[in-house]
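Here the structure is laid out as structure tokens; the discussion comes afterwards.
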Amino acid sequence: MPDSPNLARMNLMEYQGKELFRRSGIPVPRSQHALTPEDVAAFVASTPGEWVVKAQVLMGGRGKAGKIKFATSADEGRTVAREILATPMPPNRQNPKGEPINSLLVEEKLAIRTEAYCAIAIDRAAKKPVIMVSRFGGMDIEEVSEKHPESIAKFYVDTAIGYSPFIGRELAFRAQLDPGYRRQLPGILGSLYEMFFRYGAKLVEINPLALTADGDVVASDAKVELDDDALFRTPEFKEWHKTLPLDEDETLASNAGLGIRNFRRFPGNVGTLANGAGLAMATMDAVSNAGGAIANFLDVGGGANAERVRNCYELVVNSTGATAFFINIFGGITRGDEVARGIVQAMAETTSRKIPLVIRLTGTNEEEGRRILAEAGMQPVETMDEGAREAVRLANAASAK
Amino acid sequence: MSIYLDKNSKVIVQGITGAEGSYHTERMLAYGTAIVGGVTPGKGGQQSKHGLPVFDTVRDAVAATGATHTCIFVPPPFAADALFEAHDAGIELAVCITEGVPVDDMLKVVGTTHGMRIIGPNCPGLISPGRASIGIMPGHVFKEGNVGLISRSGTLTYEVVDGLTRAGLGQSTCVGIGGDPIIGTTFVDCLRAFKNDPQTEAIVVCGEIGGSDEEDAAAFAAEHLRDVPVVAFIGGRNAPPGKSLGHAGAIISGSFGTAASKIAAFEAAGIPVAERPSDIPRLLSERMAAFA
């Protein structure tokens, strides 16, 4: 099959997740998405009350970082918005780079009686969606599963039957939730389950799921991860795609015409390229086994033609610390002679800096492929291990200069 | 014998008139696979360029040809529907080559298509060397013999098989189970089938980071394959956490799905893990000699 490059990553911001909750019938607090301190001030002025102003980022730990603040007047709203936007989210264990803050959510402050946790995720081993509920709301769920694993009640849903309210009732009892949740949880989980499949999610999480002083159950936060492969179902989110940044490696991959999973950088000096994800991983491992330091993972996919190879070569040379480049092709359907011509043409065309190449080409039409490379002055090697050793030697020699 | 596929298996191709479907149908026919027809809605009654009958529905194709196997080459948005249709028509084994099938679609498919074996999606297919091939594997790399091979990837499979073939170790059946998070047939399913296959005398498992399929395979082998030589390989020892590498399913989540965990599981089961693909033929020969 041809590659289907994923051009977007859909981990949603809180305000986007809550918009999906709203459309799916899951109760959320009144709120307004805001881009500037003036927007915040104007909204608070027009709708008096007690408000929470929350930074819109994908990483967690906003409260600890001082990125969630309260406001009861327009002036206060403007001031706290400025404070939040003044600096990016600082790095933490989960995200060592931090994250820029580009927008805010102004939300009704809830009078909270208690908080719980619920989520739907995919269990690979069971091959089923798993609904999880815990009485420890508002805490990092990884921490909860370390400290109180028994507190997380799980239900593996048979997709042939789907969701039924008994599941929510059972989970509320098993998780020992405050009795105030019992009546509303089954409906909320049903809506969450429907939403999971409607939008093609990989994870939907409500943490915390608040029980208010008035007895209402409300989604106080929203974490939604959509499957990149299901984005064709939601063309209405095209605008959102732009607001959800790819990371640097994903952006580079996408610009080079690769799928966003097909390229990843590392700190080493041996560049790699292989056809197929499994072979590309094995190629990295071969470099490492040969005592080398990997500069990148790159799966070139099926058709390794000249343009593809050139783009990949330039991507690695210009964005990593590679001082030698190991190309490892197993010609299955892809013919060795075609790949060889592609490499020769790519190297003739590229205007990027030249680094030593080591080419391992085997499989269909391998002799013809090696002959073409040798004629162009390139030295093909016979095996993956030999290629890895040679690439490490050349990279280290070049780096030592 | 072989598992899942032999030369008498009657195969149809869903998407036979598309570019990929047509090209690979030609290759499968050349390999000797008993392809008896194809399905393209709206083109029923025509003949494919290979001279095969084309049907509008899988039900028509099965009724007219007696097909039991299907190979699916349809775009990702339609793959789940193609699998449901195959199941409804009574197909026994479906190979889904398509990459990029939404994972929630696969949750529904695997939860509802009981009785039909699914290989994939996002897989190269399966081959019983010398007899038949369903999918996109390059037939000339393979050689008939007694080694069963299971892998999550395509080109790595060819790499490993090439080494086996050069070392004189032919294969009974090779199954590419696919690189997605939710797949139809797992390593354990294949191990169970190999255990019951008289032709298969030794097994190679090529895993990679992500999920727990390899750990499950190790546990199964420890219990049920004590008398069978097995060798494993795990790709992605140098993978970082939290990011997929090429395959959607090749992702380490926290401390879960690491190469170290998988290697430890195989070693605890007494199964040697090759450090390099090139070590596999030697390790396997040693195991076979030890078991002889």
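The chains in the structure tokens are called A, B, ... from first to last as shown; in each chain the residues are counted from 1, and the ligands are counted from 1 in the order shown.
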
For chain B against chain A, with a cut-off of 7 Å and counting only C-alpha atoms, what is the closest atom pair and its distance in Å to one decimal for every residue that makes the cut, ordered by chain and number, as a tab-separated table?
residue	atom	partner	partner_atom	distance
B:Glu20	CA	A:Met1	CA	6.6
B:Ile97	CA	A:Met1	CA	6.9
B:Thr98	CA	A:Met1	CA	6.1
B:Glu99	CA	A:Met1	CA	6.6
B:Gly100	CA	A:Asp229	CA	5.4
B:Val101	CA	A:Asp229	CA	6.3
B:Pro102	CA	A:Ala230	CA	5.0
B:Asp104	CA	A:Gly200	CA	5.9
B:Leu107	CA	A:Lys128	CA	6.0
B:Lys108	CA	A:Thr159	CA	5.5
B:Gly111	CA	A:Thr159	CA	5.3
B:Thr112	CA	A:Ala160	CA	5.1
B:Pro138	CA	A:Gly332	CA	5.1
B:Ser153	CA	A:Gly278	CA	5.2
B:Gly154	CA	A:Gly276	CA	6.6
B:Thr155	CA	A:Gly276	CA	5.6
B:Leu156	CA	A:Leu279	CA	4.6
B:Glu159	CA	A:Phe330	CA	6.8
B:Pro181	CA	A:Arg124	CA	6.1
B:Ile182	CA	A:Arg124	CA	6.0
B:Gly211	CA	A:Arg124	CA	6.4
B:Ser212	CA	A:Ala125	CA	6.5
B:Asp213	CA	A:Ala125	CA	7.0
B:Gly235	CA	A:Ala282	CA	5.2
B:Gly236	CA	A:Met281	CA	4.9
B:Arg237	CA	A:Asp285	CA	6.2
B:Asn238	CA	A:Asp285	CA	6.2
B:Ser244	CA	A:Arg261	CA	5.7
B:Leu245	CA	A:Arg261	CA	5.5
B:Gly246	CA	A:Asn262	CA	4.6
B:His247	CA	A:Ala277	CA	6.1
B:Arg276	CA	A:Ala286	CA	6.9

Would you save the residues from that selection as an mmCIF file, in the first residue's frame, using N, CA and C atoms?
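Result file again.cif:
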data_model
loop_
_atom_site.group_PDB
_atom_site.id
_atom_site.type_symbol
_atom_site.label_atom_id
_atom_site.label_comp_id
_atom_site.auth_asym_id
_atom_site.auth_seq_id
_atom_site.Cartn_x
_atom_site.Cartn_y
_atom_site.Cartn_z
ATOM 1 N N GLU B 20 -2.788 -1.224 -6.771
ATOM 2 C CA GLU B 20 -2.084 -2.149 -5.872
ATOM 3 C C GLU B 20 -2.659 -3.558 -5.983
ATOM 4 N N ILE B 97 -4.052 -5.772 3.971
ATOM 5 C CA ILE B 97 -2.757 -5.135 3.709
ATOM 6 C C ILE B 97 -2.778 -3.654 4.095
ATOM 7 N N THR B 98 -3.943 -3.046 4.003
ATOM 8 C CA THR B 98 -4.112 -1.602 4.167
ATOM 9 C C THR B 98 -3.404 -1.032 5.393
ATOM 10 N N GLU B 99 -2.646 0.049 5.185
ATOM 11 C CA GLU B 99 -2.014 0.771 6.287
ATOM 12 C C GLU B 99 -2.837 2.013 6.603
ATOM 13 N N GLY B 100 -2.997 2.327 7.889
ATOM 14 C CA GLY B 100 -3.708 3.538 8.266
ATOM 15 C C GLY B 100 -5.173 3.309 8.587
ATOM 16 N N VAL B 101 -5.553 2.087 8.944
ATOM 17 C CA VAL B 101 -6.943 1.826 9.340
ATOM 18 C C VAL B 101 -7.150 2.408 10.746
ATOM 19 N N PRO B 102 -8.206 3.194 10.953
ATOM 20 C CA PRO B 102 -8.433 3.755 12.293
ATOM 21 C C PRO B 102 -8.510 2.655 13.346
ATOM 22 N N ASP B 104 -10.014 2.534 16.182
ATOM 23 C CA ASP B 104 -11.335 2.227 16.754
ATOM 24 C C ASP B 104 -12.159 1.367 15.790
ATOM 25 N N LEU B 107 -11.090 -2.064 16.631
ATOM 26 C CA LEU B 107 -11.697 -2.552 17.879
ATOM 27 C C LEU B 107 -13.058 -3.175 17.581
ATOM 28 N N LYS B 108 -13.823 -2.513 16.706
ATOM 29 C CA LYS B 108 -15.138 -3.057 16.361
ATOM 30 C C LYS B 108 -15.001 -4.321 15.541
ATOM 31 N N GLY B 111 -13.900 -7.334 17.574
ATOM 32 C CA GLY B 111 -14.907 -7.710 18.563
ATOM 33 C C GLY B 111 -16.160 -8.352 17.967
ATOM 34 N N THR B 112 -16.266 -8.313 16.636
ATOM 35 C CA THR B 112 -17.528 -8.756 16.038
ATOM 36 C C THR B 112 -17.379 -9.804 14.942
ATOM 37 N N PRO B 138 7.825 -10.713 -1.320
ATOM 38 C CA PRO B 138 8.577 -11.114 -2.515
ATOM 39 C C PRO B 138 8.886 -12.606 -2.468
ATOM 40 N N SER B 153 6.732 -6.989 10.988
ATOM 41 C CA SER B 153 7.057 -6.048 9.919
ATOM 42 C C SER B 153 7.319 -6.757 8.596
ATOM 43 N N GLY B 154 7.452 -6.001 7.526
ATOM 44 C CA GLY B 154 7.648 -6.552 6.189
ATOM 45 C C GLY B 154 9.100 -6.772 5.847
ATOM 46 N N THR B 155 9.815 -5.673 5.606
ATOM 47 C CA THR B 155 11.188 -5.841 5.112
ATOM 48 C C THR B 155 12.081 -6.561 6.114
ATOM 49 N N LEU B 156 11.821 -6.401 7.412
ATOM 50 C CA LEU B 156 12.629 -7.140 8.384
ATOM 51 C C LEU B 156 12.392 -8.648 8.229
ATOM 52 N N GLU B 159 14.451 -9.758 5.347
ATOM 53 C CA GLU B 159 15.850 -9.775 5.785
ATOM 54 C C GLU B 159 16.161 -11.084 6.519
ATOM 55 N N PRO B 181 -1.584 -1.156 16.452
ATOM 56 C CA PRO B 181 -1.862 -1.494 17.860
ATOM 57 C C PRO B 181 -2.909 -2.604 18.009
ATOM 58 N N ILE B 182 -3.939 -2.587 17.162
ATOM 59 C CA ILE B 182 -4.967 -3.625 17.244
ATOM 60 C C ILE B 182 -4.931 -4.435 15.951
ATOM 61 N N GLY B 211 3.343 -2.589 22.997
ATOM 62 C CA GLY B 211 2.386 -3.632 23.350
ATOM 63 C C GLY B 211 2.999 -4.733 24.198
ATOM 64 N N SER B 212 2.311 -5.871 24.278
ATOM 65 C CA SER B 212 2.810 -6.966 25.113
ATOM 66 C C SER B 212 2.671 -8.309 24.401
ATOM 67 N N ASP B 213 2.539 -8.271 23.077
ATOM 68 C CA ASP B 213 2.359 -9.483 22.298
ATOM 69 C C ASP B 213 3.563 -10.427 22.437
ATOM 70 N N GLY B 235 13.242 -5.837 17.586
ATOM 71 C CA GLY B 235 13.716 -4.602 16.969
ATOM 72 C C GLY B 235 13.382 -3.398 17.833
ATOM 73 N N GLY B 236 14.240 -2.394 17.797
ATOM 74 C CA GLY B 236 13.947 -1.145 18.489
ATOM 75 C C GLY B 236 14.561 -1.032 19.869
ATOM 76 N N ARG B 237 15.713 -1.705 20.083
ATOM 77 C CA ARG B 237 16.378 -1.619 21.391
ATOM 78 C C ARG B 237 16.757 -0.182 21.732
ATOM 79 N N ASN B 238 16.953 0.625 20.691
ATOM 80 C CA ASN B 238 17.395 2.004 20.918
ATOM 81 C C ASN B 238 16.261 3.010 20.764
ATOM 82 N N SER B 244 5.998 6.865 18.380
ATOM 83 C CA SER B 244 5.927 5.729 17.464
ATOM 84 C C SER B 244 7.102 5.778 16.506
ATOM 85 N N LEU B 245 7.673 4.609 16.199
ATOM 86 C CA LEU B 245 8.724 4.540 15.184
ATOM 87 C C LEU B 245 8.167 3.801 13.973
ATOM 88 N N GLY B 246 7.725 4.537 12.987
ATOM 89 C CA GLY B 246 7.268 3.929 11.739
ATOM 90 C C GLY B 246 5.929 3.225 11.864
ATOM 91 N N HIS B 247 5.856 2.177 12.633
ATOM 92 C CA HIS B 247 4.590 1.489 12.872
ATOM 93 C C HIS B 247 3.815 2.202 13.973
ATOM 94 N N ARG B 276 21.417 -9.650 16.609
ATOM 95 C CA ARG B 276 21.352 -9.155 15.231
ATOM 96 C C ARG B 276 20.519 -10.138 14.410
#

Please list as a list in words every residue within 8 Å of Phe326 in chain A, counting only C-alpha atoms and excluding residues in the same chain fewer than 2 positions away.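 Counting only the stated atoms, we get Val270, Gly271, Thr272, Leu273, Ala324, Asn328, Leu357, Val358, Ile359, Arg360, Gly387, Ala388 and Ala391 of chain A.
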
Expected file contents, prior selection, all heavy atoms, as a PDB file, in the first residue's frame:
ATOM      1  N   VAL A 270      25.769   8.964  13.354  1.00  0.00           N
ATOM      2  CA  VAL A 270      25.562   8.045  12.233  1.00  0.00           C
ATOM      3  C   VAL A 270      24.120   8.167  11.730  1.00  0.00           C
ATOM      4  O   VAL A 270      23.173   7.770  12.408  1.00  0.00           O
ATOM      5  CB  VAL A 270      25.849   6.576  12.638  1.00  0.00           C
ATOM      6  CG1 VAL A 270      25.708   5.663  11.424  1.00  0.00           C
ATOM      7  CG2 VAL A 270      27.229   6.448  13.257  1.00  0.00           C
ATOM      8  N   GLY A 271      23.982   8.760  10.541  1.00  0.00           N
ATOM      9  CA  GLY A 271      22.658   8.882   9.935  1.00  0.00           C
ATOM     10  C   GLY A 271      22.209   7.534   9.388  1.00  0.00           C
ATOM     11  O   GLY A 271      23.041   6.741   8.939  1.00  0.00           O
ATOM     12  N   THR A 272      20.900   7.256   9.443  1.00  0.00           N
ATOM     13  CA  THR A 272      20.407   5.982   8.912  1.00  0.00           C
ATOM     14  C   THR A 272      19.169   6.181   8.053  1.00  0.00           C
ATOM     15  O   THR A 272      18.409   7.136   8.254  1.00  0.00           O
ATOM     16  CB  THR A 272      20.030   4.976  10.028  1.00  0.00           C
ATOM     17  OG1 THR A 272      18.867   5.447  10.718  1.00  0.00           O
ATOM     18  CG2 THR A 272      21.158   4.771  11.017  1.00  0.00           C
ATOM     19  N   LEU A 273      19.011   5.278   7.089  1.00  0.00           N
ATOM     20  CA  LEU A 273      17.804   5.235   6.262  1.00  0.00           C
ATOM     21  C   LEU A 273      17.564   3.776   5.902  1.00  0.00           C
ATOM     22  O   LEU A 273      18.504   3.069   5.529  1.00  0.00           O
ATOM     23  CB  LEU A 273      18.003   6.068   4.994  1.00  0.00           C
ATOM     24  CG  LEU A 273      16.902   6.075   3.915  1.00  0.00           C
ATOM     25  CD1 LEU A 273      17.056   7.321   3.039  1.00  0.00           C
ATOM     26  CD2 LEU A 273      16.885   4.842   3.025  1.00  0.00           C
ATOM     27  N   ALA A 324      28.229  10.635   8.761  1.00  0.00           N
ATOM     28  CA  ALA A 324      28.219   9.593   7.731  1.00  0.00           C
ATOM     29  C   ALA A 324      26.789   9.072   7.661  1.00  0.00           C
ATOM     30  O   ALA A 324      26.023   9.232   8.613  1.00  0.00           O
ATOM     31  CB  ALA A 324      29.185   8.468   8.061  1.00  0.00           C
ATOM     32  N   ASN A 328      20.255   1.418   4.147  1.00  0.00           N
ATOM     33  CA  ASN A 328      20.078  -0.033   4.226  1.00  0.00           C
ATOM     34  C   ASN A 328      18.767  -0.422   3.537  1.00  0.00           C
ATOM     35  O   ASN A 328      17.689  -0.193   4.071  1.00  0.00           O
ATOM     36  CB  ASN A 328      20.050  -0.459   5.698  1.00  0.00           C
ATOM     37  CG  ASN A 328      20.015  -1.969   5.859  1.00  0.00           C
ATOM     38  OD1 ASN A 328      20.268  -2.707   4.909  1.00  0.00           O
ATOM     39  ND2 ASN A 328      19.687  -2.420   7.055  1.00  0.00           N
ATOM     40  N   LEU A 357      28.792   8.102   2.324  1.00  0.00           N
ATOM     41  CA  LEU A 357      27.662   7.180   2.292  1.00  0.00           C
ATOM     42  C   LEU A 357      28.146   5.751   2.423  1.00  0.00           C
ATOM     43  O   LEU A 357      29.195   5.410   1.874  1.00  0.00           O
ATOM     44  CB  LEU A 357      26.954   7.254   0.934  1.00  0.00           C
ATOM     45  CG  LEU A 357      26.174   8.477   0.527  1.00  0.00           C
ATOM     46  CD1 LEU A 357      25.421   8.154  -0.768  1.00  0.00           C
ATOM     47  CD2 LEU A 357      25.201   8.873   1.605  1.00  0.00           C
ATOM     48  N   VAL A 358      27.384   4.946   3.139  1.00  0.00           N
ATOM     49  CA  VAL A 358      27.613   3.501   3.113  1.00  0.00           C
ATOM     50  C   VAL A 358      26.284   2.893   2.676  1.00  0.00           C
ATOM     51  O   VAL A 358      25.247   3.195   3.270  1.00  0.00           O
ATOM     52  CB  VAL A 358      28.013   2.961   4.493  1.00  0.00           C
ATOM     53  CG1 VAL A 358      28.159   1.448   4.434  1.00  0.00           C
ATOM     54  CG2 VAL A 358      29.300   3.616   4.961  1.00  0.00           C
ATOM     55  N   ILE A 359      26.330   2.099   1.614  1.00  0.00           N
ATOM     56  CA  ILE A 359      25.078   1.581   1.069  1.00  0.00           C
ATOM     57  C   ILE A 359      25.064   0.073   1.109  1.00  0.00           C
ATOM     58  O   ILE A 359      25.956  -0.589   0.588  1.00  0.00           O
ATOM     59  CB  ILE A 359      24.867   2.067  -0.377  1.00  0.00           C
ATOM     60  CG1 ILE A 359      24.913   3.597  -0.412  1.00  0.00           C
ATOM     61  CG2 ILE A 359      23.538   1.553  -0.913  1.00  0.00           C
ATOM     62  CD1 ILE A 359      25.217   4.152  -1.767  1.00  0.00           C
ATOM     63  N   ARG A 360      24.043  -0.445   1.755  1.00  0.00           N
ATOM     64  CA  ARG A 360      23.834  -1.888   1.757  1.00  0.00           C
ATOM     65  C   ARG A 360      22.565  -2.141   0.953  1.00  0.00           C
ATOM     66  O   ARG A 360      21.498  -1.635   1.274  1.00  0.00           O
ATOM     67  CB  ARG A 360      23.686  -2.379   3.188  1.00  0.00           C
ATOM     68  CG  ARG A 360      23.575  -3.883   3.308  1.00  0.00           C
ATOM     69  CD  ARG A 360      22.155  -4.330   3.144  1.00  0.00           C
ATOM     70  NE  ARG A 360      22.044  -5.757   3.357  1.00  0.00           N
ATOM     71  CZ  ARG A 360      21.097  -6.330   4.075  1.00  0.00           C
ATOM     72  NH1 ARG A 360      20.169  -5.597   4.640  1.00  0.00           N
ATOM     73  NH2 ARG A 360      21.069  -7.621   4.195  1.00  0.00           N
ATOM     74  N   GLY A 387      27.826  -2.961   6.921  1.00  0.00           N
ATOM     75  CA  GLY A 387      27.487  -1.571   6.632  1.00  0.00           C
ATOM     76  C   GLY A 387      27.493  -0.725   7.888  1.00  0.00           C
ATOM     77  O   GLY A 387      27.995   0.411   7.895  1.00  0.00           O
ATOM     78  N   ALA A 388      26.960  -1.280   8.966  1.00  0.00           N
ATOM     79  CA  ALA A 388      26.896  -0.532  10.221  1.00  0.00           C
ATOM     80  C   ALA A 388      28.305  -0.244  10.725  1.00  0.00           C
ATOM     81  O   ALA A 388      28.615   0.886  11.126  1.00  0.00           O
ATOM     82  CB  ALA A 388      26.097  -1.323  11.256  1.00  0.00           C
ATOM     83  N   ALA A 391      29.913   2.416   8.540  1.00  0.00           N
ATOM     84  CA  ALA A 391      29.321   3.746   8.758  1.00  0.00           C
ATOM     85  C   ALA A 391      29.821   4.341  10.068  1.00  0.00           C
ATOM     86  O   ALA A 391      30.118   5.542  10.154  1.00  0.00           O
ATOM     87  CB  ALA A 391      27.794   3.646   8.750  1.00  0.00           C
TER      88      ALA A 391
END

Contact residues around range 64-79 of chain A with only C-alpha atoms at 7 Å, ignoring same-chain residues under 3 positions, as a CSV table (one decimal) with N, CA and C atoms, in the first residue's frame:
chain,number,residue,atom,x,y,z
A,37,PRO,N,-5.4,39.0,27.0
A,37,PRO,CA,-5.9,39.5,28.3
A,37,PRO,C,-7.1,40.4,28.1
A,38,GLU,N,-7.2,41.1,27.0
A,38,GLU,CA,-8.3,42.0,26.7
A,38,GLU,C,-9.6,41.1,26.5
A,40,VAL,N,-10.2,38.3,27.8
A,40,VAL,CA,-10.5,37.8,29.1
A,40,VAL,C,-11.3,38.8,29.9
A,41,ALA,N,-10.7,40.1,29.9
A,41,ALA,CA,-11.4,41.2,30.6
A,41,ALA,C,-12.8,41.5,30.1
A,42,ALA,N,-12.9,41.5,28.8
A,42,ALA,CA,-14.2,41.8,28.1
A,42,ALA,C,-15.2,40.7,28.5
A,44,VAL,N,-15.2,38.7,31.2
A,44,VAL,CA,-15.6,38.7,32.7
A,44,VAL,C,-16.5,40.0,32.9
A,45,ALA,N,-16.2,41.1,32.2
A,45,ALA,CA,-17.0,42.3,32.4
A,45,ALA,C,-18.5,42.0,32.0
A,49,GLY,N,-19.2,37.2,37.8
A,49,GLY,CA,-19.2,35.9,38.6
A,49,GLY,C,-17.8,35.6,39.0
A,50,GLU,N,-17.6,34.3,39.4
A,50,GLU,CA,-16.2,33.9,39.8
A,50,GLU,C,-15.7,33.0,38.7
A,51,TRP,N,-14.5,33.4,38.2
A,51,TRP,CA,-14.0,32.7,37.0
A,51,TRP,C,-12.6,32.1,37.3
A,52,VAL,N,-12.3,31.0,36.5
A,52,VAL,CA,-11.0,30.5,36.5
A,52,VAL,C,-10.4,30.7,35.2
A,53,VAL,N,-9.1,31.2,35.2
A,53,VAL,CA,-8.4,31.4,33.9
A,53,VAL,C,-7.3,30.3,33.8
A,54,LYS,N,-7.4,29.5,32.7
A,54,LYS,CA,-6.5,28.4,32.6
A,54,LYS,C,-5.7,28.4,31.3
A,55,ALA,N,-4.4,28.2,31.4
A,55,ALA,CA,-3.5,28.1,30.2
A,55,ALA,C,-3.9,26.9,29.4
A,61,GLY,N,0.3,19.6,34.8
A,61,GLY,CA,1.1,20.3,35.8
A,61,GLY,C,0.8,21.8,35.7
A,82,ARG,N,-2.4,38.2,31.8
A,82,ARG,CA,-1.1,38.6,31.5
A,82,ARG,C,0.0,37.8,32.2
A,83,GLU,N,-0.3,37.5,33.5
A,83,GLU,CA,0.7,36.8,34.2
A,83,GLU,C,0.9,35.4,33.6
A,84,ILE,N,-0.3,34.7,33.3
A,84,ILE,CA,-0.2,33.4,32.7
A,84,ILE,C,0.6,33.4,31.4

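The residue that comes closest to Asn318 in chain A, out of A:Gly268, A:Ser352, A:Ala306, A:Ala86 and on the basis of only C-alpha atoms, is A:Ser352.
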
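For Lys49 in chain B, the non-local neighbours within 12 Å, defined as residues at least 2 positions apart in the same chain or in other chains and counting only C-alpha atoms, are Ile16, Thr17, Gly18, Ala19, Gly21, Ser22, Tyr23, Thr25, Glu26, Gly37, Gly38, Gln46, Gln47, Gly51, Leu52, Pro53 and Val54 of chain B.
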
Would you put the residues from that selection into a file with N, CA, C and O atoms, as a PDB file, in the first residue's frame?
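Contents of the output file out.pdb:
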ATOM      1  N   ILE B  16      -9.550  -5.739  -6.508  1.00  0.00           N
ATOM      2  CA  ILE B  16      -8.693  -6.373  -7.531  1.00  0.00           C
ATOM      3  C   ILE B  16      -8.407  -5.459  -8.714  1.00  0.00           C
ATOM      4  O   ILE B  16      -7.388  -5.612  -9.385  1.00  0.00           O
ATOM      5  N   THR B  17      -9.285  -4.478  -8.970  1.00  0.00           N
ATOM      6  CA  THR B  17      -9.050  -3.628 -10.143  1.00  0.00           C
ATOM      7  C   THR B  17      -8.279  -2.353  -9.801  1.00  0.00           C
ATOM      8  O   THR B  17      -7.935  -1.573 -10.683  1.00  0.00           O
ATOM      9  N   GLY B  18      -7.975  -2.135  -8.531  1.00  0.00           N
ATOM     10  CA  GLY B  18      -7.140  -0.980  -8.157  1.00  0.00           C
ATOM     11  C   GLY B  18      -5.691  -1.253  -8.535  1.00  0.00           C
ATOM     12  O   GLY B  18      -5.318  -2.388  -8.840  1.00  0.00           O
ATOM     13  N   ALA B  19      -4.856  -0.206  -8.500  1.00  0.00           N
ATOM     14  CA  ALA B  19      -3.465  -0.350  -8.941  1.00  0.00           C
ATOM     15  C   ALA B  19      -2.721  -1.381  -8.087  1.00  0.00           C
ATOM     16  O   ALA B  19      -2.102  -2.315  -8.616  1.00  0.00           O
ATOM     17  N   GLY B  21      -3.979  -3.639  -5.925  1.00  0.00           N
ATOM     18  CA  GLY B  21      -4.637  -4.933  -5.951  1.00  0.00           C
ATOM     19  C   GLY B  21      -4.309  -5.688  -7.224  1.00  0.00           C
ATOM     20  O   GLY B  21      -4.017  -6.888  -7.197  1.00  0.00           O
ATOM     21  N   SER B  22      -4.332  -4.985  -8.333  1.00  0.00           N
ATOM     22  CA  SER B  22      -4.092  -5.618  -9.619  1.00  0.00           C
ATOM     23  C   SER B  22      -2.639  -6.098  -9.719  1.00  0.00           C
ATOM     24  O   SER B  22      -2.364  -7.227 -10.117  1.00  0.00           O
ATOM     25  N   TYR B  23      -1.709  -5.239  -9.329  1.00  0.00           N
ATOM     26  CA  TYR B  23      -0.283  -5.576  -9.403  1.00  0.00           C
ATOM     27  C   TYR B  23       0.035  -6.810  -8.552  1.00  0.00           C
ATOM     28  O   TYR B  23       0.692  -7.752  -9.009  1.00  0.00           O
ATOM     29  N   THR B  25      -2.068  -9.042  -7.380  1.00  0.00           N
ATOM     30  CA  THR B  25      -2.779 -10.236  -7.852  1.00  0.00           C
ATOM     31  C   THR B  25      -1.920 -10.968  -8.878  1.00  0.00           C
ATOM     32  O   THR B  25      -1.773 -12.192  -8.843  1.00  0.00           O
ATOM     33  N   GLU B  26      -1.317 -10.190  -9.771  1.00  0.00           N
ATOM     34  CA  GLU B  26      -0.457 -10.766 -10.800  1.00  0.00           C
ATOM     35  C   GLU B  26       0.693 -11.535 -10.156  1.00  0.00           C
ATOM     36  O   GLU B  26       1.012 -12.668 -10.536  1.00  0.00           O
ATOM     37  N   GLY B  37     -10.839 -15.121  -8.178  1.00  0.00           N
ATOM     38  CA  GLY B  37     -11.667 -13.995  -8.586  1.00  0.00           C
ATOM     39  C   GLY B  37     -11.390 -12.795  -7.721  1.00  0.00           C
ATOM     40  O   GLY B  37     -10.490 -12.814  -6.877  1.00  0.00           O
ATOM     41  N   GLY B  38     -12.165 -11.740  -7.960  1.00  0.00           N
ATOM     42  CA  GLY B  38     -11.972 -10.526  -7.190  1.00  0.00           C
ATOM     43  C   GLY B  38     -13.279  -9.781  -7.022  1.00  0.00           C
ATOM     44  O   GLY B  38     -14.299 -10.161  -7.606  1.00  0.00           O
ATOM     45  N   GLN B  46     -17.504  -8.224 -15.076  1.00  0.00           N
ATOM     46  CA  GLN B  46     -16.333  -7.989 -15.933  1.00  0.00           C
ATOM     47  C   GLN B  46     -15.245  -9.011 -15.601  1.00  0.00           C
ATOM     48  O   GLN B  46     -15.372  -9.799 -14.669  1.00  0.00           O
ATOM     49  N   GLN B  47     -14.181  -8.956 -16.395  1.00  0.00           N
ATOM     50  CA  GLN B  47     -13.005  -9.766 -16.084  1.00  0.00           C
ATOM     51  C   GLN B  47     -11.863  -8.840 -15.703  1.00  0.00           C
ATOM     52  O   GLN B  47     -11.725  -7.752 -16.271  1.00  0.00           O
ATOM     53  N   GLY B  51      -7.719 -12.009 -16.323  1.00  0.00           N
ATOM     54  CA  GLY B  51      -8.689 -12.985 -16.801  1.00  0.00           C
ATOM     55  C   GLY B  51      -9.530 -13.605 -15.708  1.00  0.00           C
ATOM     56  O   GLY B  51     -10.162 -14.643 -15.911  1.00  0.00           O
ATOM     57  N   LEU B  52      -9.552 -12.971 -14.537  1.00  0.00           N
ATOM     58  CA  LEU B  52     -10.333 -13.508 -13.415  1.00  0.00           C
ATOM     59  C   LEU B  52     -11.703 -12.837 -13.357  1.00  0.00           C
ATOM     60  O   LEU B  52     -11.836 -11.664 -13.713  1.00  0.00           O
ATOM     61  N   PRO B  53     -12.731 -13.567 -12.900  1.00  0.00           N
ATOM     62  CA  PRO B  53     -14.048 -12.953 -12.801  1.00  0.00           C
ATOM     63  C   PRO B  53     -14.088 -11.910 -11.667  1.00  0.00           C
ATOM     64  O   PRO B  53     -13.522 -12.137 -10.596  1.00  0.00           O
ATOM     65  N   VAL B  54     -14.748 -10.785 -11.956  1.00  0.00           N
ATOM     66  CA  VAL B  54     -14.907  -9.725 -10.950  1.00  0.00           C
ATOM     67  C   VAL B  54     -16.360  -9.717 -10.490  1.00  0.00           C
ATOM     68  O   VAL B  54     -17.275  -9.845 -11.314  1.00  0.00           O
TER      69      VAL B  54
END
